[in-house]
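Trainee: coords18.pdb is the file, holding PDB, C-alpha atoms:
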```pdb
ATOM      1  CA  MET A   9    -143.692-115.111 -31.152
ATOM      2  CA  ASN A  10    -145.483-113.533 -28.267
ATOM      3  CA  GLU A  11    -145.406-110.019 -29.677
ATOM      4  CA  LEU A  12    -147.484-111.041 -32.667
ATOM      5  CA  LYS A  13    -149.957-112.905 -30.493
ATOM      6  CA  ASN A  14    -150.359-109.808 -28.316
ATOM      7  CA  TYR A  15    -150.787-107.643 -31.390
ATOM      8  CA  VAL A  16    -153.564-109.835 -32.768
ATOM      9  CA  ASP A  17    -155.264-110.118 -29.361
ATOM     10  CA  HIS A  18    -155.212-106.331 -29.206
ATOM     11  CA  LEU A  19    -156.836-106.091 -32.646
ATOM     12  CA  PHE A  20    -159.727-108.177 -31.417
ATOM     13  CA  ALA A  21    -159.919-106.640 -27.959
ATOM     14  CA  ASN A  22    -163.185-104.770 -28.458
ATOM     15  CA  TYR A  23    -165.167-107.566 -30.012
ATOM     16  CA  LYS A  24    -167.227-110.297 -28.471
ATOM     17  CA  GLN A  25    -165.406-113.589 -28.524
ATOM     18  CA  THR A  26    -167.047-116.177 -30.759
ATOM     19  CA  ASP A  27    -165.873-119.326 -32.527
ATOM     20  CA  ASP A  28    -165.718-117.245 -35.670
ATOM     21  CA  THR A  29    -163.505-114.549 -34.184
ATOM     22  CA  GLU A  30    -161.232-117.134 -32.551
ATOM     23  CA  GLU A  31    -160.746-118.879 -35.873
ATOM     24  CA  LEU A  32    -160.071-115.576 -37.616
ATOM     25  CA  LYS A  33    -157.571-114.627 -34.909
ATOM     26  CA  ASN A  34    -155.672-117.882 -35.402
ATOM     27  CA  GLU A  35    -155.640-117.451 -39.155
ATOM     28  CA  ILE A  36    -154.352-113.885 -38.972
ATOM     29  CA  LEU A  37    -151.722-114.863 -36.398
ATOM     30  CA  SER A  38    -150.398-117.794 -38.422
ATOM     31  CA  ASN A  39    -150.143-115.633 -41.543
ATOM     32  CA  LEU A  40    -148.349-112.870 -39.654
ATOM     33  CA  GLU A  41    -145.916-115.400 -38.192
ATOM     34  CA  ALA A  42    -145.142-116.775 -41.652
ATOM     35  CA  LYS A  43    -144.628-113.241 -42.957
ATOM     36  CA  ALA A  44    -142.315-112.247 -40.095
ATOM     37  CA  ALA A  45    -140.373-115.524 -40.471
ATOM     38  CA  ASP A  46    -139.763-114.668 -44.126
ATOM     39  CA  TYR A  47    -138.471-111.212 -43.206
ATOM     40  CA  MET A  48    -136.112-112.678 -40.609
ATOM     41  CA  ARG A  49    -134.859-115.214 -43.142
ATOM     42  CA  ASP A  50    -134.087-112.267 -45.413
ATOM     43  CA  GLY A  51    -131.890-110.860 -42.677
ATOM     44  CA  MET A  52    -134.122-108.424 -40.771
ATOM     45  CA  THR A  53    -134.025-108.238 -37.019
ATOM     46  CA  TYR A  54    -136.859-109.637 -34.912
ATOM     47  CA  GLU A  55    -138.255-106.174 -34.132
ATOM     48  CA  GLU A  56    -138.051-104.988 -37.734
ATOM     49  CA  SER A  57    -139.810-108.127 -38.974
ATOM     50  CA  ILE A  58    -142.661-107.745 -36.514
ATOM     51  CA  ALA A  59    -143.093-104.067 -37.349
ATOM     52  CA  LEU A  60    -143.079-104.634 -41.086
ATOM     53  CA  ALA A  61    -145.358-107.673 -40.881
ATOM     54  CA  THR A  62    -148.062-105.840 -38.929
ATOM     55  CA  GLN A  63    -147.802-102.658 -40.965
ATOM     56  CA  ASN A  64    -150.818-103.273 -43.186
ATOM     57  CA  LEU A  65    -153.254-104.493 -40.588
ATOM     58  CA  ASP A  66    -154.328-101.949 -37.991
ATOM     59  CA  THR A  67    -157.983-102.852 -37.541
ATOM     60  CA  VAL A  68    -160.267-105.840 -38.046
ATOM     61  CA  ASP A  69    -163.481-103.804 -37.870
ATOM     62  CA  PHE A  70    -164.491-104.662 -41.393
ATOM     63  CA  LEU A  71    -163.983-108.386 -40.826
ATOM     64  CA  ILE A  72    -166.396-108.669 -37.921
ATOM     65  CA  ASP A  73    -170.003-108.977 -39.008
ATOM     66  CA  GLY A  74    -172.066-105.896 -38.432
ATOM     67  CA  HIS A  75    -169.189-103.561 -39.236
ATOM     68  CA  PRO A  76    -169.551-102.750 -42.914
ATOM     69  CA  GLN A  77    -167.048-100.452 -44.533
ATOM     70  CA  ILE A  78    -168.425 -97.245 -45.935
ATOM     71  CA  TYR A  79    -167.045 -94.230 -47.769
ATOM     72  CA  ILE A  80    -167.047 -92.282 -44.557
ATOM     73  CA  ASN A  81    -166.401 -88.794 -45.903
ATOM     74  CA  ARG A  82    -169.006 -88.952 -48.647
ATOM     75  CA  TYR A  83    -171.451 -90.339 -46.109
ATOM     76  CA  ARG A  84    -170.805 -87.504 -43.655
ATOM     77  CA  MET A  85    -171.204 -84.866 -46.367
ATOM     78  CA  ASP A  86    -174.488 -86.381 -47.486
ATOM     79  CA  LEU A  87    -175.732 -86.552 -43.905
ATOM     80  CA  MET A  88    -174.789 -82.947 -43.270
ATOM     81  CA  GLN A  89    -176.583 -81.920 -46.463
ATOM     82  CA  THR A  90    -179.675 -83.760 -45.264
ATOM     83  CA  ALA A  91    -179.581 -82.122 -41.853
ATOM     84  CA  LEU A  92    -179.163 -78.717 -43.481
ATOM     85  CA  ILE A  93    -182.112 -79.269 -45.818
ATOM     86  CA  TYR A  94    -184.347 -80.456 -42.991
ATOM     87  CA  VAL A  95    -183.496 -77.467 -40.814
ATOM     88  CA  LEU A  96    -184.045 -75.052 -43.700
ATOM     89  CA  LEU A  97    -187.391 -76.672 -44.498
ATOM     90  CA  ALA A  98    -188.468 -76.481 -40.876
ATOM     91  CA  TRP A  99    -187.502 -72.830 -40.740
ATOM     92  CA  ILE A 100    -189.277 -71.995 -44.014
ATOM     93  CA  MET A 101    -192.434 -73.760 -42.872
ATOM     94  CA  SER A 102    -192.373 -71.825 -39.646
ATOM     95  CA  ILE A 103    -191.980 -68.368 -41.208
ATOM     96  CA  PRO A 104    -195.682 -67.817 -41.995
ATOM     97  CA  VAL A 105    -196.394 -68.794 -38.442
ATOM     98  CA  THR A 106    -194.409 -65.877 -37.102
ATOM     99  CA  ILE A 107    -197.021 -63.563 -38.525
ATOM    100  CA  ILE A 108    -199.684 -65.073 -36.329
ATOM    101  CA  ARG A 109    -197.681 -66.204 -33.381
ATOM    102  CA  PRO A 110    -194.238 -64.793 -32.894
ATOM    103  CA  GLY A 111    -191.976 -66.766 -30.659
ATOM    104  CA  LEU A 112    -188.377 -67.264 -29.645
ATOM    105  CA  TRP A 113    -188.153 -70.712 -31.177
ATOM    106  CA  ILE A 114    -189.232 -69.757 -34.614
ATOM    107  CA  SER A 115    -187.545 -66.432 -35.056
ATOM    108  CA  VAL A 116    -184.242 -67.213 -33.360
ATOM    109  CA  VAL A 117    -183.544 -70.895 -32.780
ATOM    110  CA  LEU A 118    -184.424 -72.255 -36.209
ATOM    111  CA  PRO A 119    -182.519 -69.670 -38.254
ATOM    112  CA  ALA A 120    -179.582 -70.056 -35.864
ATOM    113  CA  ALA A 121    -179.673 -73.836 -36.352
ATOM    114  CA  ALA A 122    -179.847 -73.340 -40.112
ATOM    115  CA  ALA A 123    -176.875 -70.992 -40.046
ATOM    116  CA  ALA A 124    -174.915 -73.422 -37.864
ATOM    117  CA  CYS A 125    -175.617 -76.350 -40.191
ATOM    118  CA  LEU A 126    -174.646 -74.233 -43.168
ATOM    119  CA  ALA A 127    -171.385 -73.230 -41.503
ATOM    120  CA  VAL A 128    -170.506 -76.836 -40.639
ATOM    121  CA  TYR A 129    -171.397 -77.997 -44.143
ATOM    122  CA  ALA A 130    -169.291 -75.268 -45.735
ATOM    123  CA  ALA A 131    -166.381 -76.193 -43.465
ATOM    124  CA  MET A 132    -166.704 -79.873 -44.432
ATOM    125  CA  LEU A 133    -166.748 -78.931 -48.133
ATOM    126  CA  PHE A 134    -163.631 -76.828 -47.713
ATOM    127  CA  VAL A 135    -161.710 -79.488 -45.786
ATOM    128  CA  SER A 136    -162.674 -82.249 -48.192
ATOM    129  CA  LYS A 137    -161.588 -80.206 -51.211
ATOM    130  CA  ARG A 138    -158.283 -79.442 -49.559
ATOM    131  CA  ASN A 139    -157.556 -83.020 -48.438
ATOM    132  CA  ASP A 140    -159.081 -84.763 -51.461
ATOM    133  CA  ASN A 141    -160.062 -87.724 -49.316
ATOM    134  CA  ALA A 142    -163.486 -88.480 -50.753
ATOM    135  CA  ASP A 143    -162.620 -92.156 -51.055
ATOM    136  CA  HIS A 144    -161.545 -92.639 -47.474
ATOM    137  CA  ILE A 145    -163.046 -95.797 -46.016
ATOM    138  CA  ALA A 146    -163.888 -96.613 -42.428
ATOM    139  CA  ALA A 147    -166.000 -99.234 -40.694
ATOM    140  CA  ILE A 148    -169.086 -98.386 -38.682
ATOM    141  CA  HIS A 149    -171.004-100.359 -36.109
ATOM    142  CA  LYS A 150    -174.448-100.715 -37.605
ATOM    143  CA  GLU A 151    -176.160-101.869 -34.454
ATOM    144  CA  THR A 152    -175.267 -98.721 -32.547
ATOM    145  CA  TRP A 153    -176.838 -96.578 -35.231
ATOM    146  CA  ALA A 154    -179.954 -98.749 -35.441
ATOM    147  CA  ARG A 155    -180.418 -98.399 -31.690
ATOM    148  CA  ALA A 156    -179.802 -94.637 -31.882
ATOM    149  CA  ALA A 157    -182.524 -94.316 -34.514
ATOM    150  CA  GLN A 158    -184.972 -96.287 -32.380
ATOM    151  CA  ALA A 159    -184.140 -94.202 -29.326
ATOM    152  CA  ALA A 160    -184.527 -90.969 -31.305
ATOM    153  CA  TRP A 161    -188.028 -91.903 -32.448
ATOM    154  CA  ILE A 162    -189.128 -93.029 -29.007
ATOM    155  CA  LEU A 163    -187.782 -89.890 -27.370
ATOM    156  CA  TRP A 164    -189.482 -87.761 -30.003
ATOM    157  CA  GLY A 165    -192.799 -89.529 -29.443
ATOM    158  CA  VAL A 166    -192.515 -88.976 -25.719
ATOM    159  CA  PHE A 167    -191.555 -85.345 -26.287
ATOM    160  CA  ILE A 168    -194.625 -84.741 -28.463
ATOM    161  CA  ILE A 169    -196.962 -86.366 -25.980
ATOM    162  CA  VAL A 170    -195.475 -84.434 -23.077
ATOM    163  CA  THR A 171    -195.669 -81.080 -24.847
ATOM    164  CA  ALA A 172    -199.223 -81.785 -25.960
ATOM    165  CA  LEU A 173    -200.231 -82.622 -22.398
ATOM    166  CA  LEU A 174    -198.391 -79.565 -21.107
ATOM    167  CA  ASN A 175    -200.131 -77.348 -23.629
ATOM    168  CA  THR A 176    -203.480 -78.769 -22.703
ATOM    169  CA  ALA A 177    -202.772 -78.294 -19.028
ATOM    170  CA  LEU A 178    -201.644 -74.709 -19.487
ATOM    171  CA  LYS A 179    -204.506 -73.650 -21.724
ATOM    172  CA  PHE A 180    -207.407 -75.626 -20.454
ATOM    173  CA  GLY A 181    -206.245 -76.763 -17.073
ATOM    174  CA  SER A 182    -208.298 -74.403 -15.061
ATOM    175  CA  ASN A 183    -211.363 -74.975 -17.259
ATOM    176  CA  LEU A 184    -211.112 -78.731 -16.893
ATOM    177  CA  TRP A 185    -210.415 -78.482 -13.221
ATOM    178  CA  PHE A 186    -213.434 -76.397 -12.480
ATOM    179  CA  GLY A 187    -215.671 -78.155 -14.964
ATOM    180  CA  LEU A 188    -216.183 -75.047 -17.070
ATOM    181  CA  PRO A 189    -216.814 -75.339 -20.779
ATOM    182  CA  ILE A 190    -213.870 -74.804 -23.077
ATOM    183  CA  SER A 191    -214.551 -71.886 -25.389
ATOM    184  CA  ILE A 192    -212.598 -70.696 -28.322
ATOM    185  CA  SER A 193    -213.381 -67.122 -29.142
ATOM    186  CA  GLY A 194    -212.686 -67.171 -32.830
ATOM    187  CA  PRO A 195    -210.598 -68.324 -35.784
ATOM    188  CA  TYR A 196    -207.579 -66.349 -34.627
ATOM    189  CA  GLN A 197    -207.456 -68.023 -31.264
ATOM    190  CA  PHE A 198    -208.117 -71.339 -32.927
ATOM    191  CA  ALA A 199    -205.153 -70.802 -35.220
ATOM    192  CA  VAL A 200    -202.930 -69.851 -32.299
ATOM    193  CA  LEU A 201    -204.063 -73.022 -30.524
ATOM    194  CA  LEU A 202    -203.303 -75.199 -33.515
ATOM    195  CA  ILE A 203    -199.904 -73.638 -33.903
ATOM    196  CA  ASP A 204    -198.985 -74.254 -30.285
ATOM    197  CA  TYR A 205    -199.807 -77.922 -30.689
ATOM    198  CA  ALA A 206    -198.289 -78.282 -34.149
ATOM    199  CA  LEU A 207    -195.024 -76.435 -33.645
ATOM    200  CA  PRO A 208    -193.312 -79.112 -31.530
ATOM    201  CA  LEU A 209    -193.943 -81.483 -34.432
ATOM    202  CA  LEU A 210    -191.231 -79.647 -36.357
ATOM    203  CA  THR A 211    -188.697 -81.384 -34.141
ATOM    204  CA  ILE A 212    -189.415 -84.468 -36.217
ATOM    205  CA  ILE A 213    -186.375 -83.438 -38.226
ATOM    206  CA  ILE A 214    -184.181 -84.852 -35.462
ATOM    207  CA  PRO A 215    -185.312 -88.494 -35.574
ATOM    208  CA  LEU A 216    -185.681 -88.146 -39.346
ATOM    209  CA  THR A 217    -182.018 -87.235 -39.653
ATOM    210  CA  VAL A 218    -180.903 -90.127 -37.449
ATOM    211  CA  SER A 219    -182.996 -92.561 -39.517
ATOM    212  CA  LYS A 220    -181.583 -91.105 -42.711
ATOM    213  CA  ALA A 221    -178.086 -91.776 -41.349
ATOM    214  CA  ALA A 222    -178.830 -95.516 -41.276
ATOM    215  CA  ARG A 223    -180.087 -95.440 -44.884
ATOM    216  CA  LEU A 224    -177.110 -93.402 -46.034
ATOM    217  CA  GLN A 225    -174.750 -95.974 -44.521
ATOM    218  CA  ASP A 226    -176.220 -98.594 -46.827
ATOM    219  CA  LYS A 227    -175.918 -96.221 -49.759
ATOM    220  CA  TYR A 228    -172.216 -95.569 -49.183
ATOM    221  CA  GLU A 229    -171.221 -99.134 -48.345
ATOM    222  CA  VAL A 230    -168.109-100.297 -50.111
ATOM    223  CA  ASN A 231    -168.882-103.108 -52.531
ATOM    224  CA  SER A 232    -166.412-105.090 -54.491
ATOM    225  CA  TYR A 233    -167.825-105.514 -57.927
ATOM    226  CA  GLU A 234    -166.401-108.015 -60.289
TER
ATOM    227  CA  MET B 269    -142.457 -95.592 -51.319
ATOM    228  CA  GLU B 270    -142.724 -94.798 -55.024
ATOM    229  CA  GLU B 271    -146.138 -94.478 -56.583
ATOM    230  CA  PRO B 272    -146.869 -97.592 -58.640
ATOM    231  CA  ILE B 273    -147.400 -97.007 -62.333
ATOM    232  CA  TYR B 274    -150.665 -98.919 -62.370
ATOM    233  CA  ASN B 275    -153.973 -97.854 -60.868
ATOM    234  CA  SER B 276    -154.189-100.026 -57.752
ATOM    235  CA  ASP B 277    -157.907 -99.350 -57.280
ATOM    236  CA  LEU B 278    -158.558-100.965 -60.637
ATOM    237  CA  VAL B 279    -156.544-104.002 -59.664
ATOM    238  CA  ARG B 280    -158.208-104.248 -56.275
ATOM    239  CA  GLY B 281    -161.608-104.261 -57.981
ATOM    240  CA  SER B 282    -160.732-107.627 -59.541
ATOM    241  CA  ILE B 283    -159.149-109.111 -56.459
ATOM    242  CA  ASP B 284    -161.718-111.903 -56.093
ATOM    243  CA  THR B 285    -160.911-113.171 -59.576
ATOM    244  CA  ILE B 286    -157.186-112.796 -58.957
ATOM    245  CA  ILE B 287    -157.395-114.922 -55.815
ATOM    246  CA  LEU B 288    -159.494-117.518 -57.634
ATOM    247  CA  SER B 289    -156.812-117.728 -60.305
ATOM    248  CA  VAL B 290    -154.189-118.432 -57.642
ATOM    249  CA  LEU B 291    -156.304-121.208 -56.103
ATOM    250  CA  LEU B 292    -157.235-122.671 -59.466
ATOM    251  CA  HIS B 293    -154.217-124.971 -59.584
ATOM    252  CA  ARG B 294    -153.274-125.410 -55.963
ATOM    253  CA  ASP B 295    -154.693-124.964 -52.483
ATOM    254  CA  ASN B 296    -153.047-122.156 -50.581
ATOM    255  CA  TYR B 297    -153.107-120.166 -47.346
ATOM    256  CA  GLY B 298    -153.329-116.412 -46.740
ATOM    257  CA  TYR B 299    -149.725-115.235 -46.679
ATOM    258  CA  GLN B 300    -148.762-117.654 -49.432
ATOM    259  CA  ILE B 301    -151.500-116.198 -51.647
ATOM    260  CA  ILE B 302    -150.052-112.726 -51.120
ATOM    261  CA  LYS B 303    -146.592-113.992 -52.037
ATOM    262  CA  GLU B 304    -147.766-115.719 -55.198
ATOM    263  CA  ILE B 305    -149.621-112.636 -56.360
ATOM    264  CA  TYR B 306    -146.551-110.522 -55.653
ATOM    265  CA  THR B 307    -144.387-112.840 -57.741
ATOM    266  CA  LYS B 308    -147.012-113.109 -60.476
ATOM    267  CA  SER B 309    -147.132-109.320 -60.721
ATOM    268  CA  GLY B 310    -143.397-109.105 -61.321
ATOM    269  CA  ASN B 311    -142.861-107.845 -57.762
ATOM    270  CA  GLN B 312    -145.171-104.886 -58.450
ATOM    271  CA  TYR B 313    -148.414-105.609 -56.654
ATOM    272  CA  ASP B 314    -148.346-105.903 -52.875
ATOM    273  CA  LEU B 315    -151.737-107.260 -51.806
ATOM    274  CA  LYS B 316    -152.591-105.892 -48.370
ATOM    275  CA  GLU B 317    -153.995-108.093 -45.611
ATOM    276  CA  PRO B 318    -157.311-106.225 -45.175
ATOM    277  CA  THR B 319    -158.125-106.667 -48.870
ATOM    278  CA  LEU B 320    -157.028-110.318 -48.755
ATOM    279  CA  TYR B 321    -159.117-111.274 -45.740
ATOM    280  CA  SER B 322    -162.202-109.366 -46.971
ATOM    281  CA  SER B 323    -161.981-111.147 -50.296
ATOM    282  CA  LEU B 324    -161.414-114.591 -48.776
ATOM    283  CA  ARG B 325    -164.401-114.202 -46.472
ATOM    284  CA  ARG B 326    -166.590-112.960 -49.308
ATOM    285  CA  LEU B 327    -165.575-115.822 -51.595
ATOM    286  CA  GLU B 328    -166.098-118.364 -48.830
ATOM    287  CA  LYS B 329    -169.523-116.943 -48.021
ATOM    288  CA  GLN B 330    -170.450-117.229 -51.688
ATOM    289  CA  LYS B 331    -169.154-120.828 -51.597
ATOM    290  CA  MET B 332    -166.583-120.148 -54.304
ATOM    291  CA  ILE B 333    -163.838-121.430 -52.017
ATOM    292  CA  GLU B 334    -163.683-123.671 -48.977
ATOM    293  CA  SER B 335    -161.280-123.648 -46.072
ATOM    294  CA  TYR B 336    -159.629-126.278 -43.926
ATOM    295  CA  TRP B 337    -156.904-126.276 -41.301
ATOM    296  CA  GLY B 338    -153.667-127.969 -42.268
ATOM    297  CA  GLU B 339    -150.879-129.209 -40.036
ATOM    298  CA  GLU B 340    -147.491-127.683 -40.721
ATOM    299  CA  THR B 341    -144.134-129.417 -40.505
ATOM    300  CA  GLN B 342    -142.961-127.035 -37.773
ATOM    301  CA  GLY B 343    -145.994-127.923 -35.686
ATOM    302  CA  GLY B 344    -148.241-124.925 -36.366
ATOM    303  CA  ARG B 345    -151.588-124.844 -38.158
ATOM    304  CA  ARG B 346    -152.512-122.850 -41.205
ATOM    305  CA  LYS B 347    -155.896-122.188 -42.778
ATOM    306  CA  TYR B 348    -155.836-123.418 -46.353
ATOM    307  CA  TYR B 349    -158.298-122.491 -49.061
ATOM    308  CA  THR B 350    -159.425-124.648 -51.946
ATOM    309  CA  ILE B 351    -161.472-123.606 -54.966
ATOM    310  CA  THR B 352    -164.903-125.187 -55.458
ATOM    311  CA  GLU B 353    -166.566-126.149 -58.710
ATOM    312  CA  GLN B 354    -168.680-123.011 -58.490
ATOM    313  CA  GLY B 355    -165.481-121.046 -57.950
ATOM    314  CA  ARG B 356    -164.015-122.434 -61.162
ATOM    315  CA  GLN B 357    -167.182-121.408 -63.010
ATOM    316  CA  LEU B 358    -167.075-117.932 -61.516
ATOM    317  CA  TYR B 359    -163.441-117.580 -62.492
ATOM    318  CA  LYS B 360    -164.249-118.443 -66.112
ATOM    319  CA  ILE B 361    -167.177-116.013 -66.177
ATOM    320  CA  ASN B 362    -165.174-113.166 -64.652
ATOM    321  CA  TYR B 363    -162.241-113.846 -66.935
ATOM    322  CA  GLN B 364    -164.497-113.555 -69.982
ATOM    323  CA  ALA B 365    -166.169-110.459 -68.598
ATOM    324  CA  TRP B 366    -162.803-108.796 -68.062
ATOM    325  CA  GLN B 367    -161.581-109.674 -71.563
ATOM    326  CA  SER B 368    -164.758-108.271 -73.110
ATOM    327  CA  ALA B 369    -164.563-105.109 -71.047
ATOM    328  CA  LYS B 370    -160.877-104.708 -71.878
ATOM    329  CA  ASP B 371    -161.571-105.077 -75.619
ATOM    330  CA  MET B 372    -164.444-102.626 -75.472
ATOM    331  CA  ILE B 373    -162.477-100.019 -73.544
ATOM    332  CA  ASP B 374    -159.451-100.418 -75.803
ATOM    333  CA  ARG B 375    -161.713 -99.822 -78.747
ATOM    334  CA  LEU B 376    -163.407 -96.816 -77.217
ATOM    335  CA  ILE B 377    -160.339 -94.951 -75.966
ATOM    336  CA  GLU B 378    -158.455 -95.417 -79.210
ATOM    337  CA  THR B 379    -158.149 -92.336 -81.396
ATOM    338  CA  GLY B 380    -156.654 -93.965 -84.482
ATOM    339  CA  ARG B 381    -154.213 -91.144 -84.868
ATOM    340  CA  GLU B 382    -150.891 -90.270 -83.242
ATOM    341  CA  GLY B 383    -151.129 -87.642 -80.505
TER
END
```
Could you take the file, read its structure, and then write that structure out as structure tokens?
Mentor:
Amino acid sequence: MNELKNYVDHLFANYKQTDDTEELKNEILSNLEAKAADYMRDGMTYEESIALATQNLDTVDFLIDGHPQIYINRYRMDLMQTALIYVLLAWIMSIPVTIIRPGLWISVVLPAAAAACLAVYAAMLFVSKRNDNADHIAAIHKETWARAAQAAWILWGVFIIVTALLNTALKFGSNLWFGLPISISGPYQFAVLLIDYALPLLTIIIPLTVSKAARLQDKYEVNSYE
Amino acid sequence: MEEPIYNSDLVRGSIDTIILSVLLHRDNYGYQIIKEIYTKSGNQYDLKEPTLYSSLRRLEKQKMIESYWGEETQGGRRKYYTITEQGRQLYKINYQAWQSAKDMIDRLIETGREG
């Protein structure tokens, strides 16, 4: 039955071929063939048997290691909640700063981001209530997310270093270049200085959210309890 | 398809034990296990392949069952599963646990009065 063999090959198309996957493929194929044979014995046509036999199996994600099944909708809601909270916190922490050092980032970007997250979260709530699909399950590729989290932290680290260097260059570049002493005229200027260096640190919410995603995946993993 | 009268999530939660019960008396392979469960359920419970394969892999990883390839008369090969001693123990434990839970729940949801 070539059709079934093609179907199973297609199921496994995106996965690395290992002894394990080959064995699983053969098992699934032999079971499908037995099932289709039964249907044909009951009088169904070849095409009908194949269609009915393969009806219940449209992915093998969850069978390949590293692809745990999670309650995908609950996970996404939780993640969106987290992102929203982080953005709100960042915005709240930055509000006192606007008194000393107004800036585009604080007064526009952060509230806009907060509003956007809130809108997305509200939309997700609405859709989930309407569809009632809180228990929907899907498989995720853990390794991709682990790598994304690593990349996020590295990029953030680089970003912080670059902005710190940039700040230093802008503020003290000429002093350092000409060998003049660096002077800070008073507490106000000192505060402004601190803020300029500290503000980029608020972007930590980005790698934090990506890391949280990995932890949330474990939390919402589907377990079969006895 | 009509909605079944039982709560299939509840049944699926015990699927490991159900499969162990099928293998308790006789070795079997995937599709055959589905058929036996279907018959056992009075043609009510249609075990889906994803649930079957997840459960079989989990049980094998826990060493409750073992697998081997068997030659078929028509010349194919099928992967058979056999229950291990640990599997028999687990079955007994889960069976008891289910009976206790069932008794407790029966007791707790009872009202003692009609209506």
Trainee: If you take every atom of region 340-359 of chain B that the file lists and fit an axis-aligned box around them with 6 Å extra on each side, what centre and edge lengths come out in Å to one decimal, as AutoDock Vina command-line options?
Mentor:
```
--center_x -155.8 --center_y -123.5 --center_z -49.3 --size_x 37.7 --size_y 23.8 --size_z 39.3
```
Trainee: Check what the ChimeraX specification (/A :<9) & /B selects in the file above and give those residues as a PDB file with C-alpha atoms, in the frame of the given file.
Mentor:
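Output (out-v2.pdb):
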```pdb
ATOM      1  CA  ARG B 280    -158.208-104.248 -56.275  1.00  0.00           C
ATOM      2  CA  GLY B 281    -161.608-104.261 -57.981  1.00  0.00           C
ATOM      3  CA  SER B 282    -160.732-107.627 -59.541  1.00  0.00           C
ATOM      4  CA  ILE B 283    -159.149-109.111 -56.459  1.00  0.00           C
ATOM      5  CA  ASP B 284    -161.718-111.903 -56.093  1.00  0.00           C
ATOM      6  CA  THR B 285    -160.911-113.171 -59.576  1.00  0.00           C
ATOM      7  CA  TYR B 297    -153.107-120.166 -47.346  1.00  0.00           C
ATOM      8  CA  GLY B 298    -153.329-116.412 -46.740  1.00  0.00           C
ATOM      9  CA  TYR B 299    -149.725-115.235 -46.679  1.00  0.00           C
ATOM     10  CA  GLN B 300    -148.762-117.654 -49.432  1.00  0.00           C
ATOM     11  CA  LYS B 316    -152.591-105.892 -48.370  1.00  0.00           C
ATOM     12  CA  GLU B 317    -153.995-108.093 -45.611  1.00  0.00           C
ATOM     13  CA  PRO B 318    -157.311-106.225 -45.175  1.00  0.00           C
ATOM     14  CA  TYR B 321    -159.117-111.274 -45.740  1.00  0.00           C
ATOM     15  CA  SER B 322    -162.202-109.366 -46.971  1.00  0.00           C
ATOM     16  CA  SER B 323    -161.981-111.147 -50.296  1.00  0.00           C
ATOM     17  CA  ARG B 325    -164.401-114.202 -46.472  1.00  0.00           C
ATOM     18  CA  GLY B 344    -148.241-124.925 -36.366  1.00  0.00           C
ATOM     19  CA  ARG B 345    -151.588-124.844 -38.158  1.00  0.00           C
ATOM     20  CA  ARG B 346    -152.512-122.850 -41.205  1.00  0.00           C
ATOM     21  CA  LYS B 347    -155.896-122.188 -42.778  1.00  0.00           C
ATOM     22  CA  ASN B 362    -165.174-113.166 -64.652  1.00  0.00           C
ATOM     23  CA  ALA B 365    -166.169-110.459 -68.598  1.00  0.00           C
ATOM     24  CA  TRP B 366    -162.803-108.796 -68.062  1.00  0.00           C
TER      25      TRP B 366
END
```
Trainee: Find, counting only C-alpha atoms, the residue in B:Arg294, B:Ile287, B:Asp371, B:Lys308 that gets nearest to Arg326 (chain B).
Mentor: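 Of B:Arg294, B:Ile287, B:Asp371, B:Lys308, the one nearest Arg326 (chain B) is B:Ile287, counting only C-alpha atoms.
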Trainee: Take CA of Tyr94 (chain A) and CA of Ile213 (chain A) and report the distance between them in Å, one decimal.
Mentor: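 Calculated distance between CA of Tyr94 (chain A) and CA of Ile213 (chain A) is 6.0 Å.
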Trainee: Convert the output of the PyMOL selection byres ((chain A and resi 200) around 12) on the shown file into explicit residues, formatted as a PDB file with C-alpha atoms, in the coordinates of the input.
Mentor:
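And here is the file that came out, selection-v9.pdb:
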```
ATOM      1  CA  VAL A 105    -196.394 -68.794 -38.442  1.00  0.00           C
ATOM      2  CA  THR A 106    -194.409 -65.877 -37.102  1.00  0.00           C
ATOM      3  CA  ILE A 107    -197.021 -63.563 -38.525  1.00  0.00           C
ATOM      4  CA  ILE A 108    -199.684 -65.073 -36.329  1.00  0.00           C
ATOM      5  CA  ARG A 109    -197.681 -66.204 -33.381  1.00  0.00           C
ATOM      6  CA  PRO A 110    -194.238 -64.793 -32.894  1.00  0.00           C
ATOM      7  CA  GLY A 111    -191.976 -66.766 -30.659  1.00  0.00           C
ATOM      8  CA  ASN A 175    -200.131 -77.348 -23.629  1.00  0.00           C
ATOM      9  CA  LYS A 179    -204.506 -73.650 -21.724  1.00  0.00           C
ATOM     10  CA  ILE A 192    -212.598 -70.696 -28.322  1.00  0.00           C
ATOM     11  CA  SER A 193    -213.381 -67.122 -29.142  1.00  0.00           C
ATOM     12  CA  GLY A 194    -212.686 -67.171 -32.830  1.00  0.00           C
ATOM     13  CA  PRO A 195    -210.598 -68.324 -35.784  1.00  0.00           C
ATOM     14  CA  TYR A 196    -207.579 -66.349 -34.627  1.00  0.00           C
ATOM     15  CA  GLN A 197    -207.456 -68.023 -31.264  1.00  0.00           C
ATOM     16  CA  PHE A 198    -208.117 -71.339 -32.927  1.00  0.00           C
ATOM     17  CA  ALA A 199    -205.153 -70.802 -35.220  1.00  0.00           C
ATOM     18  CA  LEU A 201    -204.063 -73.022 -30.524  1.00  0.00           C
ATOM     19  CA  LEU A 202    -203.303 -75.199 -33.515  1.00  0.00           C
ATOM     20  CA  ILE A 203    -199.904 -73.638 -33.903  1.00  0.00           C
ATOM     21  CA  ASP A 204    -198.985 -74.254 -30.285  1.00  0.00           C
ATOM     22  CA  TYR A 205    -199.807 -77.922 -30.689  1.00  0.00           C
ATOM     23  CA  ALA A 206    -198.289 -78.282 -34.149  1.00  0.00           C
ATOM     24  CA  LEU A 207    -195.024 -76.435 -33.645  1.00  0.00           C
TER      25      LEU A 207
END
```
